[in-house]
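Just input-v2.txt here, compact mmCIF, C-alpha atoms (C1' of nucleotides):
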# COMPACT_ATOMS: atom_id res chain seq x y z
CA MET W 2 0.06 -12.84 5.10
CA ASP W 3 -1.77 -14.93 2.59
CA THR W 4 -5.53 -14.89 2.26
CA LYS W 5 -5.90 -18.06 4.34
CA THR W 6 -4.32 -16.40 7.38
CA LEU W 7 -6.47 -13.31 6.81
CA CYS W 8 -9.58 -15.48 6.93
CA LEU W 9 -8.42 -17.30 10.06
CA ALA W 10 -7.81 -13.97 11.78
CA VAL W 11 -11.28 -12.66 11.01
CA LEU W 12 -12.83 -15.96 12.04
CA SER W 13 -10.99 -15.75 15.39
CA ARG W 14 -13.58 -13.10 16.31
CA GLY W 15 -16.43 -15.50 15.59
CA PRO W 16 -17.96 -17.64 12.82
CA ALA W 17 -18.74 -15.88 9.54
CA SER W 18 -19.55 -16.39 5.88
CA GLY W 19 -17.16 -15.53 3.07
CA TYR W 20 -19.21 -12.44 2.33
CA GLU W 21 -19.05 -11.30 5.94
CA ILE W 22 -15.28 -11.83 6.01
CA LYS W 23 -14.95 -9.62 2.94
CA LYS W 24 -17.09 -6.91 4.56
CA THR W 25 -14.97 -7.02 7.72
CA LEU W 26 -11.76 -6.71 5.71
CA GLU W 27 -13.18 -3.70 3.86
CA GLN W 28 -13.56 -1.70 7.06
CA PRO W 29 -11.01 -0.28 9.49
CA PRO W 30 -8.81 -1.44 10.97
CA TYR W 31 -8.24 -4.23 8.41
CA CYS W 32 -8.73 -2.11 5.29
CA LEU W 33 -5.81 0.09 6.30
CA PHE W 34 -3.17 -2.52 5.63
CA GLN W 35 -4.52 -5.26 3.45
CA ASP W 36 -6.84 -5.88 0.54
CA THR W 37 -8.44 -9.02 -0.85
CA GLY W 38 -11.25 -9.95 -3.20
CA PHE W 39 -13.82 -12.72 -3.34
CA GLY W 40 -11.65 -14.47 -5.87
CA SER W 41 -9.09 -15.08 -3.12
CA ILE W 42 -11.42 -15.56 -0.15
CA TYR W 43 -13.67 -18.34 -1.45
CA PRO W 44 -10.87 -20.65 -2.63
CA ALA W 45 -9.00 -19.96 0.65
CA LEU W 46 -12.05 -20.98 2.73
CA GLN W 47 -12.48 -24.11 0.65
CA ARG W 48 -8.86 -25.05 1.27
CA LEU W 49 -9.11 -24.27 4.99
CA ASN W 50 -12.14 -26.51 5.22
CA GLU W 51 -10.35 -29.34 3.40
CA ASP W 52 -7.40 -28.94 5.76
CA GLY W 53 -9.61 -29.03 8.84
CA ALA W 54 -8.77 -25.48 9.92
CA VAL W 55 -12.38 -24.35 9.68
CA ALA W 56 -15.69 -26.16 10.04
CA THR W 57 -18.14 -25.18 7.30
CA THR W 58 -21.89 -25.36 7.81
CA ASP W 59 -24.28 -24.95 4.91
CA CYS W 60 -27.33 -22.83 5.78
CA THR W 61 -29.21 -23.36 2.54
CA PRO W 62 -32.52 -24.59 4.07
CA THR W 63 -33.25 -21.52 6.23
CA ARG W 64 -31.44 -18.80 4.30
CA ARG W 65 -32.51 -18.46 0.70
CA PRO W 66 -29.32 -17.10 -0.95
CA ALA W 67 -27.35 -20.15 0.21
CA LYS W 68 -24.96 -19.15 2.96
CA ARG W 69 -21.92 -21.01 4.26
CA ILE W 70 -20.86 -20.28 7.81
CA HIS W 71 -17.23 -21.02 8.63
CA ALA W 72 -16.03 -21.52 12.20
CA LEU W 73 -12.47 -21.77 13.45
CA THR W 74 -11.38 -25.21 14.71
CA ASP W 75 -8.58 -25.87 17.21
CA GLU W 76 -6.37 -26.74 14.26
CA GLY W 77 -7.25 -23.37 12.66
CA ARG W 78 -6.55 -21.50 15.88
CA SER W 79 -3.11 -23.01 16.25
CA ARG W 80 -2.39 -22.33 12.58
CA LEU W 81 -3.27 -18.68 13.09
CA LEU W 82 -1.01 -18.43 16.13
CA GLU W 83 1.82 -20.03 14.24
CA ALA W 84 1.47 -17.63 11.31
CA LEU W 85 1.33 -14.60 13.62
CA SER W 86 4.46 -15.74 15.46
CA GLN W 87 6.58 -15.69 12.31
CA ALA W 88 8.81 -12.68 11.70
CA PRO W 89 6.62 -10.45 9.53
CA SER W 90 7.74 -10.15 5.92
CA PRO W 91 8.49 -6.60 4.80
CA ASP W 92 5.65 -4.23 3.95
CA ARG W 93 4.61 -4.14 0.34
CA LEU W 94 3.32 -0.81 -0.89
CA ARG W 95 2.13 -0.15 -4.42
CA SER W 96 1.32 3.51 -4.82
CA ASP W 97 0.38 4.87 -8.22
CA PHE W 98 0.13 8.32 -6.67
CA LEU W 99 3.74 8.42 -5.46
CA PHE W 100 4.94 6.82 -8.67
CA THR W 101 3.16 9.44 -10.76
CA LEU W 102 4.44 12.23 -8.52
CA LEU W 103 8.00 11.02 -9.03
CA HIS W 104 7.50 11.54 -12.76
CA GLY W 105 5.50 14.71 -12.31
CA ASP W 106 8.03 16.70 -14.33
CA LEU W 107 6.75 14.93 -17.44
CA LEU W 108 3.19 16.13 -16.79
CA PRO W 109 1.39 19.51 -16.95
CA PRO W 110 1.77 21.25 -13.55
CA ASP W 111 -1.98 21.65 -13.17
CA LEU W 112 -2.53 17.92 -13.44
CA VAL W 113 0.04 17.24 -10.71
CA LEU W 114 -1.60 19.78 -8.40
CA GLU W 115 -5.01 18.27 -9.08
CA MET W 116 -3.71 14.86 -8.08
CA ILE W 117 -2.29 16.28 -4.85
CA ASP W 118 -5.64 17.89 -4.04
CA ALA W 119 -7.39 14.60 -4.67
CA ARG W 120 -4.89 12.84 -2.43
CA ILE W 121 -5.46 15.39 0.35
CA ALA W 122 -9.20 14.70 0.15
CA GLU W 123 -8.58 10.93 0.28
CA LEU W 124 -6.29 11.23 3.29
CA GLU W 125 -8.84 13.39 5.10
CA ALA W 126 -11.45 10.70 4.52
CA LYS W 127 -9.11 7.95 5.70
CA LEU W 128 -8.11 9.88 8.79
CA SER W 129 -11.67 10.53 9.87
CA GLN W 130 -12.45 6.87 9.19
CA VAL W 131 -9.61 5.87 11.49
CA GLU W 132 -10.65 8.36 14.15
CA ALA W 133 -14.25 7.20 13.98
CA CYS W 134 -13.21 3.65 14.80
CA GLU W 135 -12.26 3.78 18.48
CA PRO W 136 -10.19 0.79 19.57
CA ARG W 137 -11.26 -1.41 22.47
CA ALA W 138 -9.62 0.12 25.53
CA ASP W 139 -8.86 -3.35 26.90
CA SER W 140 -6.58 -4.17 23.96
CA PRO W 141 -3.23 -2.39 24.33
CA CYS W 142 -2.20 -3.45 20.81
CA ALA W 143 -5.33 -2.03 19.22
CA VAL W 144 -4.83 1.27 21.05
CA PHE W 145 -1.20 1.39 19.95
CA LEU W 146 -2.15 0.67 16.35
CA HIS W 147 -4.87 3.30 16.43
CA GLY W 148 -2.36 5.93 17.48
CA LEU W 149 0.06 4.80 14.79
CA GLY W 150 -2.62 5.15 12.13
CA ARG W 151 -3.53 8.63 13.27
CA THR W 152 0.12 9.65 13.33
CA HIS W 153 0.72 8.29 9.85
CA TYR W 154 -2.27 9.85 8.11
CA GLY W 155 -2.03 13.07 10.11
CA GLY W 156 1.64 13.48 9.29
CA CYS W 157 1.21 12.92 5.56
CA LEU W 158 -1.80 15.21 5.39
CA ASP W 159 0.05 17.93 7.23
CA TYR W 160 3.01 17.69 4.86
CA LEU W 161 0.84 17.85 1.74
CA ARG W 162 -1.13 20.86 3.01
CA ARG W 163 2.00 22.73 4.02
CA ASN W 164 4.06 22.10 0.91
CA ARG W 165 1.49 22.26 -1.84
CA SER W 166 1.85 25.99 -2.47
CA LYS W 167 5.66 25.79 -2.65
CA LEU W 168 5.40 22.97 -5.18
CA ALA W 169 2.92 25.00 -7.23
CA ARG W 170 5.36 27.93 -7.33
CA ASP W 171 8.34 25.73 -8.25
CA LEU W 172 6.42 23.89 -10.96
CA ASN W 173 5.23 27.10 -12.57
CA ALA W 174 8.74 28.58 -12.41
CA ALA W 175 10.12 25.48 -14.13
CA SER W 176 7.44 25.20 -16.81
CA ALA W 177 7.38 28.92 -17.71
CA PRO W 178 11.01 30.01 -17.46
CA SER W 179 10.43 33.03 -19.72
CA SER W 180 10.01 35.39 -16.77
CA LYS W 181 13.17 33.99 -15.21
CA ARG W 182 15.14 34.44 -18.38
CA ALA W 183 13.85 38.00 -18.69
CA ALA W 184 14.99 38.69 -15.14
CA GLU W 185 18.56 37.57 -15.85
CA MET A 16 0.75 0.78 -12.34
CA ASP A 17 1.43 -2.47 -14.03
CA THR A 18 4.93 -3.76 -14.65
CA LYS A 19 4.93 -2.51 -18.23
CA THR A 20 4.47 1.10 -17.11
CA LEU A 21 7.14 0.62 -14.47
CA CYS A 22 9.58 -0.49 -17.15
CA LEU A 23 8.66 2.41 -19.44
CA ALA A 24 9.26 4.86 -16.58
CA VAL A 25 12.72 3.50 -15.82
CA LEU A 26 13.57 3.44 -19.52
CA SER A 27 12.55 7.11 -19.80
CA ARG A 28 15.86 7.86 -18.01
CA GLY A 29 17.83 5.98 -20.66
CA PRO A 30 18.19 2.52 -22.29
CA ALA A 31 18.71 -0.42 -19.94
CA SER A 32 18.62 -4.20 -19.67
CA GLY A 33 15.99 -6.08 -17.69
CA TYR A 34 18.52 -6.70 -14.98
CA GLU A 35 19.40 -3.01 -14.76
CA ILE A 36 15.72 -2.09 -14.56
CA LYS A 37 15.31 -4.46 -11.63
CA LYS A 38 18.34 -2.94 -9.87
CA THR A 39 16.94 0.57 -10.37
CA LEU A 40 13.57 -0.44 -8.96
CA GLU A 41 15.29 -1.97 -5.92
CA GLN A 42 16.80 1.36 -4.89
CA PRO A 43 15.24 4.61 -3.69
CA PRO A 44 13.18 6.33 -4.72
CA TYR A 45 11.41 3.50 -6.60
CA CYS A 46 11.77 0.84 -3.91
CA LEU A 47 9.77 2.98 -1.49
CA PHE A 48 6.47 2.49 -3.28
CA GLN A 49 6.62 -0.46 -5.59
CA ASP A 50 8.06 -3.95 -5.92
CA THR A 51 8.51 -6.29 -8.85
CA GLY A 52 10.45 -9.41 -9.67
CA PHE A 53 12.18 -10.75 -12.76
CA GLY A 54 9.19 -12.95 -13.37
CA SER A 55 7.17 -9.83 -14.15
CA ILE A 56 9.86 -7.69 -15.81
CA TYR A 57 11.06 -10.03 -18.53
CA PRO A 58 7.61 -10.89 -19.91
CA ALA A 59 6.68 -7.19 -19.73
CA LEU A 60 9.73 -6.18 -21.79
CA GLN A 61 8.95 -8.87 -24.33
CA ARG A 62 5.40 -7.56 -24.70
CA LEU A 63 6.57 -3.95 -24.92
CA ASN A 64 8.96 -4.92 -27.68
CA GLU A 65 6.21 -6.76 -29.58
CA ASP A 66 3.98 -3.70 -29.22
CA GLY A 67 6.68 -1.36 -30.50
CA ALA A 68 6.97 0.57 -27.23
CA VAL A 69 10.63 -0.34 -26.79
CA ALA A 70 13.39 -1.21 -29.24
CA THR A 71 15.40 -4.22 -28.09
CA THR A 72 19.02 -4.73 -29.10
CA ASP A 73 20.82 -7.98 -28.46
CA CYS A 74 24.38 -7.46 -27.23
CA THR A 75 25.42 -11.10 -27.27
CA PRO A 76 28.55 -10.69 -29.44
CA THR A 77 30.39 -8.16 -27.24
CA ARG A 78 28.97 -9.01 -23.81
CA ARG A 79 29.46 -12.62 -22.83
CA PRO A 80 26.47 -13.15 -20.49
CA ALA A 81 24.03 -12.24 -23.28
CA LYS A 82 22.49 -8.86 -22.60
CA ARG A 83 19.42 -7.24 -24.11
CA ILE A 84 19.29 -3.46 -24.08
CA HIS A 85 15.84 -1.92 -24.29
CA ALA A 86 15.30 1.67 -25.43
CA LEU A 87 12.10 3.72 -25.30
CA THR A 88 10.48 4.51 -28.66
CA ASP A 89 8.18 7.46 -29.39
CA GLU A 90 5.27 5.05 -29.02
CA GLY A 91 6.60 4.00 -25.61
CA ARG A 92 7.07 7.58 -24.50
CA SER A 93 3.49 8.51 -25.38
CA ARG A 94 2.21 5.34 -23.67
CA LEU A 95 4.05 6.33 -20.51
CA LEU A 96 2.62 9.84 -20.58
CA GLU A 97 -0.86 8.46 -21.08
CA ALA A 98 -0.53 6.06 -18.14
CA LEU A 99 0.83 8.80 -15.86
CA SER A 100 -2.05 11.13 -16.80
CA GLN A 101 -4.68 8.69 -15.53
CA ALA A 102 -6.16 9.27 -12.10
CA PRO A 103 -3.97 7.10 -9.86
CA SER A 104 -5.70 4.04 -8.46
CA PRO A 105 -5.75 3.87 -4.65
CA ASP A 106 -2.64 2.81 -2.76
CA ARG A 107 -2.35 -0.86 -1.96
CA LEU A 108 -0.54 -1.69 1.24
CA ARG A 109 0.05 -5.19 2.53
CA SER A 110 1.69 -5.06 5.94
CA ASP A 111 2.26 -8.25 7.88
CA PHE A 112 3.68 -6.17 10.70
CA LEU A 113 0.54 -4.08 11.23
CA PHE A 114 -1.66 -7.14 10.77
CA THR A 115 0.28 -9.05 13.41
CA LEU A 116 0.23 -6.06 15.74
CA LEU A 117 -3.55 -5.89 15.45
CA HIS A 118 -3.70 -9.44 16.78
CA GLY A 119 -0.90 -8.88 19.26
CA ASP A 120 -3.17 -9.78 22.15
CA LEU A 121 -3.03 -13.40 21.02
CA LEU A 122 0.78 -13.44 21.27
CA PRO A 123 3.30 -13.39 24.14
CA PRO A 124 4.07 -9.74 25.02
CA ASP A 125 7.81 -10.23 24.54
CA LEU A 126 7.31 -11.36 20.97
CA VAL A 127 5.26 -8.27 20.17
CA LEU A 128 7.90 -5.99 21.65
CA GLU A 129 10.62 -7.80 19.70
CA MET A 130 8.71 -7.19 16.49
CA ILE A 131 8.38 -3.51 17.31
CA ASP A 132 12.11 -3.25 17.96
CA ALA A 133 12.81 -4.95 14.63
CA ARG A 134 10.43 -2.53 12.94
CA ILE A 135 12.19 0.45 14.53
CA ALA A 136 15.50 -0.82 13.17
CA GLU A 137 13.99 -1.29 9.70
CA LEU A 138 12.50 2.20 9.69
CA GLU A 139 15.83 3.69 10.75
CA ALA A 140 17.51 1.94 7.84
CA LYS A 141 14.82 3.11 5.41
CA LEU A 142 15.00 6.68 6.68
CA SER A 143 18.76 6.92 6.30
CA GLN A 144 18.42 5.34 2.85
CA VAL A 145 15.95 8.05 1.89
CA GLU A 146 18.08 10.79 3.36
CA ALA A 147 21.19 9.51 1.61
CA CYS A 148 19.45 9.82 -1.76
CA GLU A 149 19.33 13.58 -2.36
CA PRO A 150 16.82 14.53 -5.07
CA ARG A 151 17.86 16.58 -8.10
CA ALA A 152 17.32 20.20 -7.10
CA ASP A 153 16.00 21.00 -10.58
CA SER A 154 13.04 18.64 -10.15
CA PRO A 155 10.38 20.19 -7.89
CA CYS A 156 8.44 16.92 -7.80
CA ALA A 157 11.44 14.89 -6.68
CA VAL A 158 12.18 17.41 -3.92
CA PHE A 159 8.55 17.30 -2.79
CA LEU A 160 8.54 13.52 -2.75
CA HIS A 161 11.79 13.40 -0.84
CA GLY A 162 10.29 15.57 1.88
CA LEU A 163 7.18 13.43 1.98
CA GLY A 164 9.26 10.28 2.43
CA ARG A 165 11.25 11.81 5.28
CA THR A 166 8.05 13.00 6.96
CA HIS A 167 6.44 9.60 6.66
CA TYR A 168 9.33 7.49 7.98
CA GLY A 169 10.32 10.08 10.56
CA GLY A 170 6.77 10.33 11.90
CA CYS A 171 6.28 6.57 12.22
CA LEU A 172 9.69 6.11 13.83
CA ASP A 173 8.99 8.87 16.31
CA TYR A 174 5.66 7.31 17.27
CA LEU A 175 7.14 3.85 17.78
CA ARG A 176 10.01 5.14 19.91
CA ARG A 177 7.74 7.28 22.06
CA ASN A 178 4.99 4.71 22.65
CA ARG A 179 6.93 1.49 22.97
CA SER A 180 7.39 1.72 26.72
CA LYS A 181 3.71 2.48 27.35
CA LEU A 182 2.74 -0.56 25.28
CA ALA A 183 5.20 -2.70 27.20
CA ARG A 184 3.62 -1.61 30.50
CA ASP A 185 0.05 -2.17 29.25
CA LEU A 186 0.87 -5.59 27.80
CA ASN A 187 2.47 -6.77 31.01
CA ALA A 188 -0.42 -5.46 33.06
CA ALA A 189 -2.87 -7.36 30.83
CA SER A 190 -0.91 -10.63 30.70
CA ALA A 191 -0.08 -10.75 34.42
CA PRO A 192 -3.21 -9.47 36.13
CA SER A 193 -2.29 -11.16 39.42
CA SER A 194 -0.84 -7.94 40.85
CA LYS A 195 -3.95 -6.07 39.72
CA ARG A 196 -6.24 -8.61 41.32
CA ALA A 197 -4.17 -8.44 44.50
CA ALA A 198 -4.58 -4.66 44.52
CA GLU A 199 -8.35 -4.85 44.34
C1' DC K 17 -44.99 -3.26 -8.02
C1' DC K 18 -40.80 -1.83 -9.86
C1' DG K 19 -36.06 -0.62 -9.72
C1' DA K 20 -32.01 -0.04 -7.01
C1' DT K 21 -29.24 -1.80 -3.64
C1' DA K 22 -27.57 -5.40 -0.46
C1' DT K 23 -26.62 -10.20 0.49
C1' DA K 24 -24.33 -14.25 -1.07
C1' DT K 25 -21.43 -17.63 -3.76
C1' DA K 26 -18.63 -18.79 -7.57
C1' DT K 27 -15.53 -18.76 -11.60
C1' DC K 28 -12.09 -17.26 -14.98
C1' DA K 29 -8.46 -14.96 -17.67
C1' DG K 30 -4.62 -12.43 -16.94
C1' DA K 31 -1.10 -10.56 -13.82
C1' DT K 32 1.99 -11.21 -10.20
C1' DC K 33 5.12 -13.61 -6.77
C1' DG K 34 8.81 -16.29 -5.22
C1' DA K 35 11.69 -19.78 -6.17
C1' DT K 36 14.62 -21.98 -9.13
C1' DA K 37 17.75 -23.07 -13.27
C1' DT K 38 21.56 -21.71 -15.90
C1' DA K 39 25.91 -19.67 -17.02
C1' DA K 40 29.72 -16.51 -17.70
C1' DT K 41 32.42 -12.88 -15.53
C1' DA K 42 34.48 -10.37 -11.53
C1' DT K 43 36.28 -10.15 -7.13
C1' DT K 44 38.24 -11.59 -2.99
C1' DC K 45 41.45 -13.90 -0.25
C1' DG K 46 44.60 -17.47 1.46
C1' DC F 12 47.95 -18.65 -8.72
C1' DG F 13 43.74 -20.72 -7.98
C1' DA F 14 39.54 -21.73 -5.39
C1' DA F 15 35.50 -19.85 -3.48
C1' DT F 16 32.18 -16.47 -3.67
C1' DA F 17 29.59 -12.67 -5.55
C1' DT F 18 27.72 -10.23 -9.44
C1' DT F 19 25.71 -9.79 -13.88
C1' DA F 20 22.23 -11.57 -16.82
C1' DT F 21 18.12 -14.02 -18.82
C1' DA F 22 14.40 -17.19 -18.40
C1' DT F 23 10.67 -20.20 -16.71
C1' DC F 24 7.17 -22.28 -13.64
C1' DG F 25 3.60 -23.32 -10.30
C1' DA F 26 0.93 -21.11 -6.96
C1' DT F 27 -1.40 -17.33 -5.82
C1' DC F 28 -3.75 -12.97 -6.46
C1' DT F 29 -6.57 -9.43 -9.05
C1' DG F 30 -10.49 -7.60 -11.15
C1' DA F 31 -14.28 -8.50 -13.71
C1' DT F 32 -18.22 -10.99 -14.44
C1' DA F 33 -22.27 -14.30 -13.77
C1' DT F 34 -26.05 -15.69 -11.01
C1' DA F 35 -29.88 -15.43 -7.74
C1' DT F 36 -32.60 -13.84 -3.85
C1' DA F 37 -33.92 -10.27 -0.37
C1' DT F 38 -35.03 -5.81 0.99
C1' DC F 39 -36.36 -1.10 0.92
C1' DG F 40 -38.02 3.28 -0.94
C1' DG F 41 -40.87 5.63 -4.22
Would you give me this structure, written as structure tokens?
Amino acid sequence: MDTKTLCLAVLSRGPASGYEIKKTLEQPPYCLFQDTGFGSIYPALQRLNEDGAVATTDCTPTRRPAKRIHALTDEGRSRLLEALSQAPSPDRLRSDFLFTLLHGDLLPPDLVLEMIDARIAELEAKLSQVEACEPRADSPCAVFLHGLGRTHYGGCLDYLRRNRSKLARDLNAASAPSSKRAAE
Amino acid sequence: MDTKTLCLAVLSRGPASGYEIKKTLEQPPYCLFQDTGFGSIYPALQRLNEDGAVATTDCTPTRRPAKRIHALTDEGRSRLLEALSQAPSPDRLRSDFLFTLLHGDLLPPDLVLEMIDARIAELEAKLSQVEACEPRADSPCAVFLHGLGRTHYGGCLDYLRRNRSKLARDLNAASAPSSKRAAE
DNA sequence: CCGATATATATCAGATCGATATAATATTCG
DNA sequence: CGAATATTATATCGATCTGATATATATCGG
């Protein structure tokens, strides 16, 4: 999904400013599977306004730090529906953590274990964030997604906690093979 | 990780051409947590060569479709180690599937269920791809990562298979409330 | 009242993405 | 054999995205 569709989706819940859209995207559930900055949002809103997909109202007189409220038009609503109906393109994950772990043999064992501990802490935070955000019971999709998120984070966390000590043993055995050699 | 680091990491296994680097990144384990196109790889290799991080040899005479082999230098190796030692920046996931699912209430129930079925098929393919790629037993990190991948895909797959029918029921109940109204 | 933080918009250089161009070799199949 | 197709291989380009930065006011606690 490009930034324009992201904006349309947030605006489908009600009119908002660019800043408010960004804040919404930073929180669950959106923050769990997308990410966008102001540098993408403002140009996208400008384009959507030019295309007639949103109606932009300037609130400069009342509000001091000039604020632009964007509201979905019928054109915008049908655009959103069209985008959502497309077959979703494959997930795109960029994980420095997993990439580093793959090359962990090049690094000091302690550093690798530190990174895993940090990741465990992050996942705990994410999981409690997801659990704190109860889905609306009247939306079957939101409930389904909520369960999927809990399963995902819970599963990864469980694996890391269970296998950390084994990895620590294996790494130390590999990096200090003197004891092994002595045992042979 | 930027594309330059990605290239250095692949080259740490041995010299390769840009095309070969792309092919390596397209397969497990790399393809599971990154993605890059030629449009990023070729400029990155050019820059790395200029910076002295890789040594580029032109194989035009022997090979007919001109081929450039890039080999890691000491400078490149130390750059890679330095990049891997940094605290990894947070994961970045962009999932059209999860995004669409979140807004599934706007779509026809059948379309949502179709997308879930397609996702199940994709995850099955990914999982068997991961399982087919046995990690080197002498690399504790690779073994650890392999287990993590299986846990992740297996867990998500399991959730989707178990909860699909409940979602189907809930969606139909919500979209066709006539029976419900009749029951009241 | 001052400083820190939150609200709010905007821009810009650099990186990335996806498509496309080009071209020789290798393979497949009637 | 020869034609069609796939694979190997490099390169570029516009559109988009990223991350940082600039700017200005409002608000809240000390």
Inset, instruction - Would you kindly report the residues of chain K within 8 Å of chain A, using only C-alpha atoms (C1' of nucleotides), as a list of chain:residue names? - result: K:DT32, K:DC33, K:DA39, K:DA40, K:DT41
Got a sec to pull out which chain F residues are within 9 Å of chain W, counting all atoms listed in the file, and send them as an mmCIF file with C-alpha atoms (C1' of nucleotides), in the frame of the given file?
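Below is the file selection-v1.cif, written as the result:
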data_model
loop_
_atom_site.group_PDB
_atom_site.id
_atom_site.type_symbol
_atom_site.label_atom_id
_atom_site.label_comp_id
_atom_site.auth_asym_id
_atom_site.auth_seq_id
_atom_site.Cartn_x
_atom_site.Cartn_y
_atom_site.Cartn_z
ATOM 1 C "C1'" DT F 27 -1.400 -17.330 -5.820
ATOM 2 C "C1'" DC F 28 -3.750 -12.970 -6.460
ATOM 3 C "C1'" DT F 29 -6.570 -9.430 -9.050
ATOM 4 C "C1'" DG F 30 -10.490 -7.600 -11.150
ATOM 5 C "C1'" DA F 35 -29.880 -15.430 -7.740
ATOM 6 C "C1'" DT F 36 -32.600 -13.840 -3.850
ATOM 7 C "C1'" DA F 37 -33.920 -10.270 -0.370
#
Inset, instruction - Give the answer as one residue: which of W:Leu26, W:Ala10, W:Ala56, W:Ile70 has the shortest atom-to-atom distance to chain A, using only C-alpha atoms? - result: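 Going through W:Leu26, W:Ala10, W:Ala56, W:Ile70 one by one, the smallest distance to chain A is for W:Ala10.
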Inset, instruction - Write down, as a PyMOL selection string, each residue of chain W that has any atom within 7 Å of an atom of chain A, counting only C-alpha atoms. - result: chain W and resi 2+34-35+85+89-90+92-99+101-103+105-106+140-143+145-146+149+152-153+156-157+160+168+171-172
Legend entry - Spatial neighbours of DT21 (chain K), 12 Å, all atoms listed in the file, chain gap at least 6 places, as an MDAnalysis selection string: chainID F and resid 37:40
Legend entry - Coordinates-based distance that separates CA of Arg137 (chain W) from CA of Gly19 (chain W) (Å, one decimal): 24.7 Å
Inset, instruction - Rank nothing, just name the residue among A:Cys22, A:Val145, A:Leu60, A:Ala68 nearest to DT21 (chain F), using only C-alpha atoms (C1' of nucleotides). - result: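 Between A:Cys22, A:Val145, A:Leu60, A:Ala68, the residue approaching DT21 (chain F) most closely is A:Leu60.
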Legend entry - Residue nearest Ser79 (chain W) - candidates W:Pro44, W:Glu125, W:Gly53, W:Cys60, atoms counted: all atoms listed in the file: W:Gly53
Inset, instruction - Find the spatial neighbours of DG25 (chain F), counting all atoms listed in the file, within a cut-off of 12 Å - ignore same-chain residues fewer than 3 positions away - and output them as an MDAnalysis selection string. - result: chainID K and resid 33:36
For region 47-51 of chain W, what centre and edge lengths in Å (one decimal) does the axis-aligned box get once 8 Å is added on each side of all its listed atoms, as lines of an AutoDock Vina configuration file?
center_x = -10.7
center_y = -26.7
center_z = 2.9
size_x = 19.6
size_y = 21.2
size_z = 20.6
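If you look at CA of Val55 (chain W) and CA of Asp125 (chain A), they are 28.8 Å away from each other.
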Inset, instruction - Can you work out the spacing between CA of His71 (chain W) and CA of Ser18 (chain W) in Å, to one decimal? - result: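 Taking CA of His71 (chain W) as the start and CA of Ser18 (chain W) as the end point, the length is 5.9 Å.
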Inset, instruction - Would you mind listing what lies within 12 Å of DT32 (chain F) as a ChimeraX atom specification, with only C-alpha atoms (C1' of nucleotides) counted and same-chain residues fewer than 5 positions away left out? - result: /W:40 /K:26-29
Legend entry - Residues within 10 Å of DA17 (chain F), only C-alpha atoms (C1' of nucleotides), excluding chain neighbours under 6 positions, as a VMD selection string: chain K and resid 42 to 44
For region 66-74 of chain W, where the input has fewer atoms than it should, I would like N, CA, C and O atoms rebuilt and written as a PDB file, keeping the file's coordinate frame.
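In the end it all went to out.pdb:
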ATOM      1  N   PRO W  66     -30.565 -17.138  -0.156  1.00  0.00           N
ATOM      2  CA  PRO W  66     -29.320 -17.100  -0.950  1.00  0.00           C
ATOM      3  C   PRO W  66     -28.271 -17.885  -0.198  1.00  0.00           C
ATOM      4  O   PRO W  66     -27.607 -17.355   0.689  1.00  0.00           O
ATOM      5  N   ALA W  67     -28.172 -19.175  -0.524  1.00  0.00           N
ATOM      6  CA  ALA W  67     -27.350 -20.150   0.210  1.00  0.00           C
ATOM      7  C   ALA W  67     -26.151 -19.507   0.882  1.00  0.00           C
ATOM      8  O   ALA W  67     -25.389 -18.792   0.256  1.00  0.00           O
ATOM      9  N   LYS W  68     -26.005 -19.794   2.168  1.00  0.00           N
ATOM     10  CA  LYS W  68     -24.960 -19.150   2.960  1.00  0.00           C
ATOM     11  C   LYS W  68     -24.144 -20.223   3.658  1.00  0.00           C
ATOM     12  O   LYS W  68     -24.697 -21.169   4.208  1.00  0.00           O
ATOM     13  N   ARG W  69     -22.825 -20.058   3.603  1.00  0.00           N
ATOM     14  CA  ARG W  69     -21.920 -21.010   4.260  1.00  0.00           C
ATOM     15  C   ARG W  69     -21.237 -20.324   5.418  1.00  0.00           C
ATOM     16  O   ARG W  69     -20.480 -19.376   5.233  1.00  0.00           O
ATOM     17  N   ILE W  70     -21.499 -20.842   6.624  1.00  0.00           N
ATOM     18  CA  ILE W  70     -20.860 -20.280   7.810  1.00  0.00           C
ATOM     19  C   ILE W  70     -19.598 -21.082   8.131  1.00  0.00           C
ATOM     20  O   ILE W  70     -19.649 -22.308   8.186  1.00  0.00           O
ATOM     21  N   HIS W  71     -18.502 -20.356   8.319  1.00  0.00           N
ATOM     22  CA  HIS W  71     -17.230 -21.020   8.630  1.00  0.00           C
ATOM     23  C   HIS W  71     -16.837 -20.697  10.064  1.00  0.00           C
ATOM     24  O   HIS W  71     -16.876 -19.535  10.474  1.00  0.00           O
ATOM     25  N   ALA W  72     -16.453 -21.718  10.812  1.00  0.00           N
ATOM     26  CA  ALA W  72     -16.030 -21.520  12.200  1.00  0.00           C
ATOM     27  C   ALA W  72     -14.630 -22.081  12.406  1.00  0.00           C
ATOM     28  O   ALA W  72     -14.286 -23.132  11.856  1.00  0.00           O
ATOM     29  N   LEU W  73     -13.841 -21.375  13.182  1.00  0.00           N
ATOM     30  CA  LEU W  73     -12.470 -21.770  13.450  1.00  0.00           C
ATOM     31  C   LEU W  73     -12.449 -23.065  14.277  1.00  0.00           C
ATOM     32  O   LEU W  73     -13.191 -23.204  15.251  1.00  0.00           O
ATOM     33  N   THR W  74     -11.595 -24.007  13.892  1.00  0.00           N
ATOM     34  CA  THR W  74     -11.380 -25.210  14.710  1.00  0.00           C
ATOM     35  C   THR W  74     -10.118 -25.003  15.546  1.00  0.00           C
ATOM     36  O   THR W  74      -9.431 -23.997  15.395  1.00  0.00           O
TER      37      THR W  74
END
